[in-house]
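Below is upload15.txt, which holds compact mmCIF, C-alpha atoms.
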# COMPACT_ATOMS: atom_id res chain seq x y z
CA ALA A 1014 15.08 -63.25 -85.31
CA PHE A 1015 12.93 -64.02 -88.37
CA LEU A 1016 13.06 -61.91 -91.53
CA PRO A 1017 10.97 -62.42 -94.68
CA SER A 1018 12.86 -62.95 -97.93
CA SER A 1019 11.50 -59.66 -99.29
CA VAL A 1020 13.39 -57.78 -96.56
CA TYR A 1021 16.71 -59.62 -96.77
CA PRO A 1022 16.76 -62.06 -99.70
CA VAL A 1023 20.41 -62.99 -99.04
CA VAL A 1024 19.54 -64.86 -95.85
CA PRO A 1025 19.14 -68.55 -96.73
CA PRO A 1026 16.32 -70.58 -95.20
CA PRO A 1027 17.27 -72.79 -92.23
CA THR A 1028 18.58 -76.21 -93.19
CA THR A 1029 16.47 -77.96 -90.54
CA PRO A 1030 12.84 -77.27 -89.64
CA PRO A 1031 12.20 -75.64 -86.30
CA PRO A 1032 11.19 -77.86 -83.38
CA PRO A 1033 7.48 -78.61 -83.16
CA SER A 1034 7.12 -76.66 -79.92
CA LEU A 1035 8.99 -74.94 -77.12
CA ASP A 1036 7.42 -77.11 -74.42
CA GLY A 1037 9.62 -78.19 -71.54
CA GLN A 1038 9.48 -79.62 -68.04
CA VAL A 1039 10.78 -77.88 -64.94
CA ASP A 1040 10.53 -79.46 -61.48
CA THR A 1041 10.79 -77.17 -58.45
CA PHE A 1042 11.02 -77.89 -54.74
CA ALA A 1043 10.92 -75.54 -51.75
CA SER A 1044 10.99 -76.18 -48.02
CA ASN A 1045 11.27 -74.02 -44.92
CA LEU A 1046 11.81 -75.58 -41.50
CA GLU A 1047 12.12 -73.51 -38.33
CA TRP A 1048 12.59 -74.65 -34.75
CA VAL A 1049 12.35 -72.22 -31.83
CA VAL A 1050 13.16 -73.30 -28.29
CA ASP A 1051 13.44 -71.34 -25.04
CA LEU A 1052 16.52 -72.25 -22.99
CA GLY A 1053 15.40 -70.92 -19.66
CA ASN A 1054 14.00 -67.44 -19.05
CA TRP A 1055 16.89 -65.52 -20.63
CA THR A 1056 17.81 -67.30 -23.87
CA ARG A 1057 15.88 -68.24 -27.02
CA LEU A 1058 17.39 -70.37 -29.80
CA ARG A 1059 16.10 -70.33 -33.37
CA LEU A 1060 17.21 -72.91 -35.98
CA THR A 1061 16.30 -72.50 -39.65
CA ARG A 1062 16.71 -74.76 -42.67
CA LEU A 1063 15.78 -73.52 -46.17
CA GLU A 1064 15.84 -75.50 -49.42
CA ARG A 1065 15.21 -74.28 -52.96
CA GLU A 1066 15.71 -76.52 -56.00
CA ARG A 1067 14.95 -76.16 -59.71
CA ASP A 1068 15.49 -79.12 -62.04
CA ASN A 1069 15.10 -78.04 -65.66
CA ASN A 1070 14.60 -80.95 -68.05
CA THR A 1071 13.80 -78.81 -71.08
CA ARG A 1072 15.54 -80.06 -74.20
CA PRO A 1073 18.06 -77.69 -75.85
CA LEU A 1074 17.04 -75.89 -79.02
CA SER A 1075 19.22 -75.11 -82.04
CA LEU A 1076 18.78 -71.53 -83.24
CA VAL A 1077 20.01 -70.15 -86.55
CA PRO A 1078 21.06 -66.49 -86.18
CA VAL A 1079 20.38 -63.87 -88.83
CA LEU A 1080 23.52 -63.48 -90.92
CA GLY A 1081 25.22 -60.12 -91.19
CA GLU A 1082 27.39 -58.88 -94.03
CA ARG A 1083 30.65 -59.18 -92.08
CA PHE A 1084 30.36 -61.38 -89.05
CA PRO A 1085 28.73 -64.77 -89.64
CA ARG A 1086 27.67 -66.43 -86.41
CA PRO A 1087 27.72 -70.15 -85.70
CA LEU A 1088 24.68 -72.16 -84.72
CA LEU A 1089 23.37 -71.13 -81.29
CA MET A 1090 22.04 -73.47 -78.63
CA SER A 1091 19.53 -72.54 -75.96
CA ARG A 1092 20.82 -72.76 -72.38
CA HIS A 1093 18.45 -74.33 -69.88
CA TYR A 1094 19.76 -74.26 -66.34
CA SER A 1095 19.10 -75.80 -62.96
CA PHE A 1096 20.04 -74.71 -59.45
CA LYS A 1097 19.95 -75.78 -55.83
CA ARG A 1098 20.14 -73.48 -52.83
CA SER A 1099 20.21 -74.32 -49.16
CA ARG A 1100 20.64 -72.31 -45.97
CA LEU A 1101 21.27 -73.49 -42.43
CA ALA A 1102 21.14 -70.83 -39.71
CA ALA A 1103 21.24 -70.66 -35.94
CA GLU A 1104 20.41 -67.54 -33.95
CA ALA A 1105 20.41 -67.00 -30.20
CA THR A 1106 18.68 -64.13 -28.42
CA PHE A 1107 19.96 -63.31 -24.93
CA ARG A 1108 17.80 -61.26 -22.59
CA LEU A 1109 20.45 -59.39 -20.62
CA SER A 1110 17.86 -57.31 -18.78
CA ALA A 1111 14.27 -56.23 -19.13
CA ARG A 1112 15.33 -53.58 -21.67
CA THR A 1113 18.39 -55.12 -23.35
CA ARG A 1114 18.65 -57.86 -25.96
CA LEU A 1115 21.82 -59.34 -27.46
CA ILE A 1116 21.46 -61.35 -30.68
CA ALA A 1117 24.16 -63.57 -32.19
CA GLY A 1118 23.87 -65.79 -35.22
CA LEU A 1119 25.67 -68.08 -37.66
CA ALA A 1120 24.58 -69.24 -41.11
CA ARG A 1121 25.85 -71.28 -44.04
CA ASP A 1122 24.62 -70.76 -47.61
CA ASP A 1123 25.29 -73.32 -50.36
CA ARG A 1124 24.44 -72.64 -54.00
CA ALA A 1125 24.92 -74.92 -57.00
CA ARG A 1126 23.98 -74.15 -60.60
CA SER A 1127 24.43 -75.60 -64.05
CA LEU A 1128 25.68 -74.20 -67.37
CA LEU A 1129 27.61 -71.32 -65.79
CA GLU A 1130 31.33 -70.78 -65.38
CA ILE A 1131 31.07 -70.96 -61.56
CA GLU A 1132 29.13 -74.07 -60.60
CA SER A 1133 28.93 -73.59 -56.83
CA ASN A 1134 29.37 -71.09 -54.00
CA GLU A 1135 29.61 -71.53 -50.26
CA GLU A 1136 29.17 -68.60 -47.90
CA ASP A 1137 29.68 -68.42 -44.12
CA GLN A 1138 27.89 -65.61 -42.27
CA GLN A 1139 28.05 -64.26 -38.73
CA TRP A 1140 26.21 -61.38 -37.10
CA LEU A 1141 25.88 -59.67 -33.75
CA ALA A 1142 23.21 -57.15 -32.72
CA LEU A 1143 22.40 -55.16 -29.60
CA ARG A 1144 18.99 -53.61 -28.90
CA VAL A 1145 18.36 -51.39 -25.90
CA ARG A 1146 15.21 -49.62 -24.70
CA MET A 1147 16.26 -46.72 -22.50
CA PRO A 1148 14.20 -44.38 -20.33
CA ARG A 1149 12.14 -41.61 -21.99
CA SER A 1150 11.32 -43.98 -24.90
CA VAL A 1151 14.87 -43.91 -26.27
CA ARG A 1152 15.70 -46.94 -28.44
CA LEU A 1153 19.21 -47.90 -29.51
CA SER A 1154 20.11 -50.50 -32.15
CA LEU A 1155 23.64 -51.59 -33.12
CA SER A 1156 24.62 -54.46 -35.40
CA TYR A 1157 27.60 -55.88 -37.26
CA SER A 1158 27.69 -58.70 -39.78
CA GLU A 1159 30.26 -60.34 -42.00
CA ALA A 1160 30.06 -62.91 -44.78
CA ASP A 1161 32.82 -64.73 -46.63
CA ARG A 1162 31.96 -66.45 -49.90
CA ASN A 1163 34.16 -68.83 -51.86
CA ALA A 1164 33.70 -70.14 -55.39
CA SER A 1165 34.42 -73.28 -57.36
CA ASP A 1166 37.02 -73.33 -60.13
CA PHE A 1167 36.31 -71.39 -63.30
CA ILE A 1168 34.90 -73.41 -66.20
CA GLY A 1169 35.27 -72.01 -69.69
CA ASN A 1170 31.75 -72.82 -70.88
CA ALA A 1171 30.71 -69.22 -71.65
CA GLU A 1172 31.91 -66.54 -74.04
CA ASN A 1173 33.12 -64.07 -71.42
CA ASN A 1174 36.78 -63.41 -70.60
CA SER A 1175 38.31 -66.15 -68.42
CA LEU A 1176 39.84 -63.46 -66.19
CA THR A 1177 36.49 -61.95 -65.28
CA ARG A 1178 34.17 -63.08 -62.50
CA ARG A 1179 30.52 -62.13 -62.30
CA TYR A 1180 30.05 -60.21 -59.06
CA PHE A 1181 27.20 -62.40 -57.80
CA MET A 1182 29.32 -65.57 -58.18
CA ALA A 1183 32.83 -64.27 -57.41
CA VAL A 1184 34.77 -64.79 -54.19
CA ARG A 1185 33.58 -62.04 -51.87
CA GLU A 1186 34.27 -60.58 -48.43
CA GLN A 1187 31.34 -58.57 -47.09
CA ARG A 1188 31.14 -56.38 -43.99
CA ALA A 1189 28.08 -54.43 -42.81
CA TRP A 1190 27.48 -51.98 -39.96
CA HIS A 1191 24.23 -50.47 -38.69
CA ALA A 1192 23.42 -47.98 -35.94
CA SER A 1193 20.16 -46.24 -35.15
CA VAL A 1194 18.72 -44.27 -32.26
CA SER A 1195 15.21 -42.93 -31.82
CA ALA A 1196 13.59 -40.94 -29.05
CA GLN A 1197 10.13 -39.71 -28.11
CA LEU A 1198 10.70 -36.21 -26.73
CA GLY A 1199 7.45 -35.61 -25.00
CA GLU A 1200 4.01 -36.48 -26.29
CA ARG A 1201 4.26 -34.59 -29.59
CA LEU A 1202 7.91 -34.69 -30.75
CA SER A 1203 9.99 -37.64 -31.94
CA VAL A 1204 13.40 -37.85 -33.63
CA SER A 1205 15.51 -40.64 -35.12
CA VAL A 1206 18.96 -41.03 -36.72
CA THR A 1207 20.16 -44.03 -38.75
CA LEU A 1208 23.60 -44.94 -40.12
CA ASP A 1209 24.32 -47.86 -42.49
CA ARG A 1210 27.51 -48.97 -44.19
CA LEU A 1211 28.14 -51.92 -46.52
CA LYS A 1212 31.53 -52.90 -47.91
CA ASN A 1213 32.20 -55.63 -50.49
CA THR A 1214 35.64 -56.78 -51.59
CA TYR A 1215 36.37 -59.28 -54.38
CA PRO A 1216 39.93 -60.45 -53.66
CA SER A 1217 40.16 -63.15 -56.35
CA SER A 1218 38.83 -61.09 -59.27
CA THR A 1219 41.50 -60.16 -61.80
CA LEU A 1220 39.19 -58.09 -63.99
CA GLY A 1221 35.86 -56.52 -63.19
CA LEU A 1222 34.48 -55.20 -59.91
CA LEU A 1223 37.05 -55.17 -57.07
CA HIS A 1224 35.47 -52.99 -54.36
CA HIS A 1225 32.01 -51.66 -53.63
CA GLU A 1226 30.93 -49.43 -50.75
CA ASP A 1227 27.45 -48.19 -49.88
CA GLN A 1228 26.91 -45.67 -47.07
CA THR A 1229 23.70 -44.01 -45.92
CA TRP A 1230 22.74 -41.73 -43.09
CA SER A 1231 19.31 -40.31 -42.46
CA SER A 1232 17.50 -38.26 -39.82
CA ASP A 1233 13.78 -37.82 -39.24
CA LEU A 1234 11.77 -35.46 -37.09
CA THR A 1235 8.02 -35.50 -36.51
CA TRP A 1236 6.23 -32.79 -34.53
CA ARG A 1237 2.51 -32.63 -33.80
CA ILE A 1238 2.23 -28.96 -32.98
CA SER A 1239 -1.46 -29.30 -32.11
CA ASN A 1240 -4.28 -31.68 -32.81
CA GLU A 1241 -4.75 -30.02 -36.19
CA VAL A 1242 -1.14 -29.28 -37.26
CA TYR A 1243 1.48 -31.92 -38.05
CA VAL A 1244 5.03 -31.39 -39.38
CA SER A 1245 7.64 -33.95 -40.49
CA LEU A 1246 11.19 -33.42 -41.76
CA HIS A 1247 13.58 -35.86 -43.43
CA ARG A 1248 17.24 -35.45 -44.37
CA SER A 1249 19.50 -38.14 -45.86
CA LYS A 1250 22.74 -38.70 -47.75
CA HIS A 1251 23.43 -41.80 -49.85
CA GLU A 1252 26.94 -42.47 -51.19
CA ILE A 1253 28.07 -45.33 -53.44
CA GLY A 1254 31.66 -45.99 -54.53
CA THR A 1255 33.18 -48.67 -56.77
CA ASP A 1256 36.60 -49.70 -58.08
CA THR A 1257 36.75 -51.67 -61.33
CA THR A 1258 39.65 -52.97 -63.42
CA GLY A 1259 39.73 -54.00 -67.05
CA SER A 1260 41.89 -54.87 -70.01
CA SER A 1261 42.03 -53.17 -73.39
CA THR A 1262 43.55 -56.28 -74.95
CA GLY A 1263 41.48 -59.02 -73.32
CA GLY A 1264 44.49 -60.07 -71.23
CA PRO A 1265 46.02 -58.76 -67.98
CA ARG A 1266 44.60 -55.62 -66.40
CA ASP A 1267 45.89 -52.33 -67.76
CA TRP A 1268 43.27 -49.83 -66.59
CA GLN A 1269 41.32 -49.09 -63.44
CA SER A 1270 38.29 -46.86 -62.91
CA GLY A 1271 36.63 -45.43 -59.84
CA THR A 1272 33.15 -44.02 -59.31
CA ARG A 1273 31.61 -42.00 -56.52
CA ASP A 1274 27.89 -41.18 -56.57
CA ILE A 1275 26.23 -39.03 -53.90
CA VAL A 1276 22.56 -38.13 -53.47
CA ARG A 1277 21.39 -35.67 -50.80
CA THR A 1278 17.66 -35.48 -50.11
CA THR A 1279 15.53 -33.19 -47.97
CA THR A 1280 11.77 -33.60 -47.55
CA ALA A 1281 9.34 -31.48 -45.55
CA ASP A 1282 5.67 -32.28 -44.99
CA LEU A 1283 2.98 -30.10 -43.41
CA GLU A 1284 -0.56 -31.24 -42.63
CA VAL A 1285 -3.25 -28.91 -41.32
CA SER A 1286 -6.73 -30.30 -40.69
CA GLN A 1287 -10.08 -28.69 -39.97
CA ILE A 1288 -9.25 -25.24 -41.34
CA PHE A 1289 -12.39 -23.16 -40.81
CA GLY A 1290 -13.79 -26.34 -39.31
CA ARG A 1291 -13.89 -28.34 -42.55
CA VAL A 1292 -10.89 -27.89 -44.90
CA ASP A 1293 -7.77 -30.14 -44.86
CA LEU A 1294 -4.43 -28.94 -46.27
CA ARG A 1295 -1.28 -30.92 -47.05
CA VAL A 1296 1.96 -29.44 -48.43
CA THR A 1297 5.02 -31.51 -49.38
CA LEU A 1298 8.41 -30.13 -50.43
CA ASP A 1299 11.11 -32.30 -52.07
CA HIS A 1300 14.70 -31.19 -52.54
CA SER A 1301 17.29 -33.58 -53.99
CA ASP A 1302 20.83 -33.02 -55.32
CA GLY A 1303 22.94 -35.70 -56.97
CA SER A 1304 26.53 -35.81 -58.16
CA GLY A 1305 28.75 -38.41 -59.81
CA ARG A 1306 32.52 -38.48 -60.13
CA TYR A 1307 34.29 -40.86 -62.50
CA ASP A 1308 38.01 -41.34 -63.15
CA THR A 1309 40.12 -43.82 -65.12
CA ASP A 1310 43.77 -44.74 -64.69
CA PHE A 1311 45.18 -46.14 -67.95
CA SER A 1312 48.89 -46.98 -68.12
CA ASP A 1313 49.52 -44.77 -65.06
CA VAL A 1314 47.78 -41.79 -66.70
CA LEU A 1315 44.85 -40.51 -64.62
CA SER A 1316 41.83 -39.09 -66.44
CA VAL A 1317 39.12 -37.40 -64.39
CA PHE A 1318 35.83 -36.84 -66.17
CA PRO A 1319 33.63 -33.78 -65.52
CA GLU A 1320 31.30 -34.24 -62.60
CA LEU A 1321 27.73 -35.32 -63.31
CA VAL A 1322 25.15 -33.29 -61.40
CA SER A 1323 21.38 -33.37 -61.03
CA GLU A 1324 18.86 -31.23 -59.18
CA HIS A 1325 15.27 -32.11 -58.39
CA ARG A 1326 12.73 -29.79 -56.80
CA GLY A 1327 9.11 -30.64 -56.11
CA LEU A 1328 6.09 -28.95 -54.52
CA ASP A 1329 2.82 -30.80 -53.89
CA VAL A 1330 -0.19 -28.98 -52.43
CA ARG A 1331 -3.51 -30.74 -51.74
CA LEU A 1332 -6.64 -29.06 -50.48
CA THR A 1333 -9.63 -31.22 -49.49
CA LEU A 1334 -13.08 -29.74 -48.94
CA PRO A 1335 -16.16 -31.82 -48.02
CA PHE A 1336 -19.59 -30.52 -49.01
CA GLY A 1337 -22.77 -32.15 -47.97
CA GLU A 1338 -22.79 -35.56 -46.33
CA ARG A 1339 -21.83 -37.57 -49.42
CA TYR A 1340 -19.44 -35.42 -51.46
CA SER A 1341 -15.91 -34.09 -51.15
CA ALA A 1342 -13.61 -32.26 -53.56
CA GLN A 1343 -9.83 -32.20 -53.70
CA LEU A 1344 -7.76 -29.62 -55.53
CA ARG A 1345 -4.17 -30.56 -56.19
CA TYR A 1346 -1.31 -28.41 -57.46
CA TYR A 1347 1.97 -30.16 -58.29
CA LYS A 1348 5.12 -28.44 -59.54
CA GLU A 1349 8.30 -30.33 -60.41
CA ARG A 1350 11.62 -29.19 -61.85
CA TYR A 1351 14.58 -31.34 -62.86
CA ALA A 1352 17.95 -30.17 -64.17
CA SER A 1353 21.03 -32.22 -64.96
CA SER A 1354 24.40 -32.03 -66.65
CA ASP A 1355 25.98 -35.10 -68.24
CA TRP A 1356 29.32 -34.79 -70.01
CA GLN A 1357 28.44 -37.82 -72.15
CA LEU A 1358 25.62 -35.83 -73.77
CA ASP A 1359 26.15 -32.09 -73.43
CA GLY A 1360 28.21 -30.47 -76.15
CA VAL A 1361 28.52 -33.61 -78.29
CA GLU A 1362 26.91 -32.71 -81.59
CA VAL A 1363 26.15 -35.09 -84.40
CA ASP A 1364 29.30 -36.55 -86.04
CA THR A 1365 31.74 -34.61 -83.84
CA ILE A 1366 33.71 -37.63 -82.61
CA PRO A 1367 35.63 -39.63 -85.26
CA SER A 1368 34.63 -43.30 -85.58
CA ALA A 1369 31.76 -42.84 -83.12
CA ILE A 1370 28.05 -42.42 -83.63
CA SER A 1371 26.53 -39.55 -81.67
CA PHE A 1372 22.96 -38.37 -81.95
CA GLY A 1373 23.19 -34.87 -80.51
CA LEU A 1374 21.34 -35.82 -77.32
CA LEU A 1375 21.02 -33.43 -74.39
CA SER A 1376 20.86 -33.95 -70.66
CA PRO A 1377 17.26 -34.24 -69.45
CA ASN A 1378 15.92 -30.94 -68.12
CA TYR A 1379 12.24 -30.28 -67.61
CA ASP A 1380 9.58 -28.33 -65.75
CA ALA A 1381 6.21 -29.93 -65.09
CA THR A 1382 3.04 -28.44 -63.65
CA LEU A 1383 -0.05 -30.45 -62.80
CA MET A 1384 -3.44 -29.24 -61.58
CA VAL A 1385 -6.15 -31.77 -60.70
CA LEU A 1386 -9.69 -31.40 -59.44
CA THR A 1387 -11.23 -34.56 -58.00
CA VAL A 1388 -14.80 -35.04 -56.76
CA ASP A 1389 -15.67 -38.07 -54.62
CA ALA A 1390 -19.19 -39.28 -53.93
CA LYS A 1391 -20.34 -41.89 -51.43
CA LEU A 1392 -23.05 -44.07 -52.94

Would you kindly transcribe this structure into structure tokens?
Amino acid sequence: AFLPSSVYPVVPPPTTPPPPSLDGQVDTFASNLEWVVDLGNWTRLRLTRLERERDNNTRPLSLVPVLGERFPRPLLMSRHYSFKRSRLAAEATFRLSARTRLIAGLARDDRARSLLEIESNEEDQQWLALRVRMPRSVRLSLSYSEADRNASDFIGNAENNSLTRRYFMAVREQRAWHASVSAQLGERLSVSVTLDRLKNTYPSSTLGLLHHEDQTWSSDLTWRISNEVYVSLHRSKHEIGTDTTGSSTGGPRDWQSGTRDIVRTTTADLEVSQIFGRVDLRVTLDHSDGSGRYDTDFSDVLSVFPELVSEHRGLDVRLTLPFGERYSAQLRYYKERYASSDWQLDGVEVDTIPSAISFGLLSPNYDATLMVLTVDAKL
């Protein structure tokens, strides 16, 4: 930061002049090699090799921080970094029958980086998938994958706690499941259901994120009632959970927190064309409810915070009317309402918590109405 002497005359000028420029040199390299071979009529093998490299030769810069009244900071140095990533993968597709495919694969990811506390990671991945096309246009998809990532020894070259591990560099065990089925029920009706689950575990992390789970299910229905009327429905639930540990003293763990966030969404869409032979109508309804649960266990004392909730409602109506051969008009009415309750904001007035700064904020709640008239002309 740079402050003029008239704003803060106590700050002394830097002892050394700034560098003449911030110019630097960065060399990058990328390659992607893929080899596909058919092993007979029933098996196809795919080999992939990816390379990404960034060599940063920018010189480091010395930066003088703005001094505060209490906490003087030492001279800071810019951190230029380099990395190298490579991936080797092999995937085989087996044609078990005219309607069934079995896919199996292996991969190895290697990542190296500079100027970070974890210099390298190696990850082994495996996956298996089954895809089936059944009679009556029914399609089934099942898959399972796992990935195990290790990490190099911790290097104390950063200011963070030596017991913490950044989640994208930490030792990780990942498991993922997927299932979906779709069907065409006649010429005008189709349905589909999808389930996904992802689980991450960080077994070598003393502090920080230990577990993370992400689960989603969704269902969709589309129905063309006639050539002029079309209806679609969507319903989904998304749930995320985490477990995190920490230390109030910067040493061994002494507290653990858990979170559970859930969002339920429903969407309905209606399209009617050629009303009175010329008018098109589209109506969309959105309905979403969210909730969040947070708890902390400190010294074997469990504290459960009030649940966070949110509600979103939306209505979108569009009416399109052509007139003449070159012009059309669209009238749009949009109504949206959002309501939420956050214990971190509601009921906390200004200066009500000792030794804490609060600004009397409130949870966001609003109603919005939009009306638009659009005229299009073909030139």

What are the closest atom pairs, with distances in Å to one decimal, for all residues of region 1100-1191 of chain A lying within 12 Å of region 1229-1233 of chain A? Consider all atoms listed in the file, order rows by chain and residue number, and present the result as JSON lines.
{"residue": "A:Ala1189", "atom": "CA", "partner": "A:Thr1229", "partner_atom": "CA", "distance": 11.7}
{"residue": "A:Trp1190", "atom": "CA", "partner": "A:Thr1229", "partner_atom": "CA", "distance": 10.6}
{"residue": "A:His1191", "atom": "CA", "partner": "A:Thr1229", "partner_atom": "CA", "distance": 9.7}

Atom pair CA of Val1151 (chain A) / CA of Leu1119 (chain A): separation (Å)
28.8 Å

Restricting to all atoms listed in the file, whichever of A:Gly1305, A:Val1244, A:Ala1111, A:Ser1376 is closest to Val1145 (chain A) is A:Ala1111

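Using all atoms listed in the file, the nearest neighbour of Asn1213 (chain A) within the list A:Tyr1243, A:Tyr1180, A:Phe1318, A:Phe1336 is A:Tyr1180.
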
Using only C-alpha atoms, find the one residue out of A:Arg1266, A:Arg1114, A:Arg1291, A:Arg1067 that sits nearest to Leu1155 (chain A).
A:Arg1114

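Coordinates place CA of His1093 (chain A) at a distance of 6.5 Å from CA of Asn1069 (chain A).
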
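Take CA of Ser1217 (chain A) and CA of Asn1163 (chain A): the distance between them is 9.4 Å.
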
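Residues lying within 8 Å of Glu1349 (chain A), counting all atoms listed in the file and ignoring same-chain neighbours fewer than 5 positions away, are His1325, Arg1326, Gly1327, Leu1328, Asp1380, Ala1381 and Thr1382 of chain A.
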
With a distance cut-off of 10 Å and all atoms listed in the file, select the neighbouring residues of Tyr1215 (chain A), excluding the residue or stretch itself and same-chain residues fewer than 2 positions from it, and output the selection as a count of residues only.
17

Rank nothing, just name the residue among A:Ser1270, A:Thr1106, A:Asn1378, A:Gln1343 nearest to Leu1315 (chain A), using only C-alpha atoms.
A:Ser1270

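Of the residues under consideration (A:Leu1234, A:Met1182, A:Val1077, A:Ala1160), A:Ala1160 shows the shortest atom-to-atom contact distance to Gly1118 (chain A) when counting only C-alpha atoms.
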
Considering all atoms listed in the file, state which residue in the set A:Thr1113, A:Thr1071, A:Ser1044, A:Gln1287 is at the smallest distance from Ser1099 (chain A).
A:Ser1044

Contacts of region 1100-1102 of chain A at 6 Å or less, counting all atoms listed in the file, minus same-chain residues fewer than 6 places along, as a PyMOL selection string?
chain A and resi 1060-1063+1119-1122

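All protein and nucleic acid residues in the vicinity of (6.1, -33.3, -38.4), that is within 12 Å when counting all atoms listed in the file, are Arg1201, Leu1202, Ser1203, Val1204, Asp1233, Leu1234, Thr1235, Trp1236, Arg1237, Ile1238, Ser1239, Asn1240, Glu1241, Val1242, Tyr1243, Val1244, Ser1245, Leu1246, His1247, Thr1280, Ala1281, Asp1282, Leu1283, Glu1284, Val1285, Arg1295, Val1296 and Thr1297 of chain A.
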
Fewer than 2 positions away in the same chain doesn't count, so skip those; otherwise give me all residues within 8 Å of Ser1154 (chain A), counting all atoms listed in the file, as number ranges by chain.
A: 1142-1145, 1152, 1156, 1191-1194

Env of Gly1053 (chain A): 12 Å cut, atoms = only C-alpha atoms, seq-sep filter 2 positions within chain, self excluded. Answer as a ChimeraX atom specification.
/A:1050-1051,1055-1058,1106-1108

List the residues sitting within 9 Å of (19.9, -71.0, -55.5) in the file's frame, using all atoms listed in the file, as a short mmCIF file (atom, residue, chain, number, x, y, z; two decimals) with C-alpha atoms, in the frame of the given file.
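Output saved as result_9.cif:
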data_model
loop_
_atom_site.label_atom_id
_atom_site.label_comp_id
_atom_site.auth_asym_id
_atom_site.auth_seq_id
_atom_site.Cartn_x
_atom_site.Cartn_y
_atom_site.Cartn_z
CA GLU A 1064 15.84 -75.50 -49.42
CA ARG A 1065 15.21 -74.28 -52.96
CA GLU A 1066 15.71 -76.52 -56.00
CA ARG A 1067 14.95 -76.16 -59.71
CA SER A 1095 19.10 -75.80 -62.96
CA PHE A 1096 20.04 -74.71 -59.45
CA LYS A 1097 19.95 -75.78 -55.83
CA ARG A 1098 20.14 -73.48 -52.83
CA SER A 1099 20.21 -74.32 -49.16
CA ASP A 1123 25.29 -73.32 -50.36
CA ARG A 1124 24.44 -72.64 -54.00
CA ALA A 1125 24.92 -74.92 -57.00
CA ARG A 1126 23.98 -74.15 -60.60
#
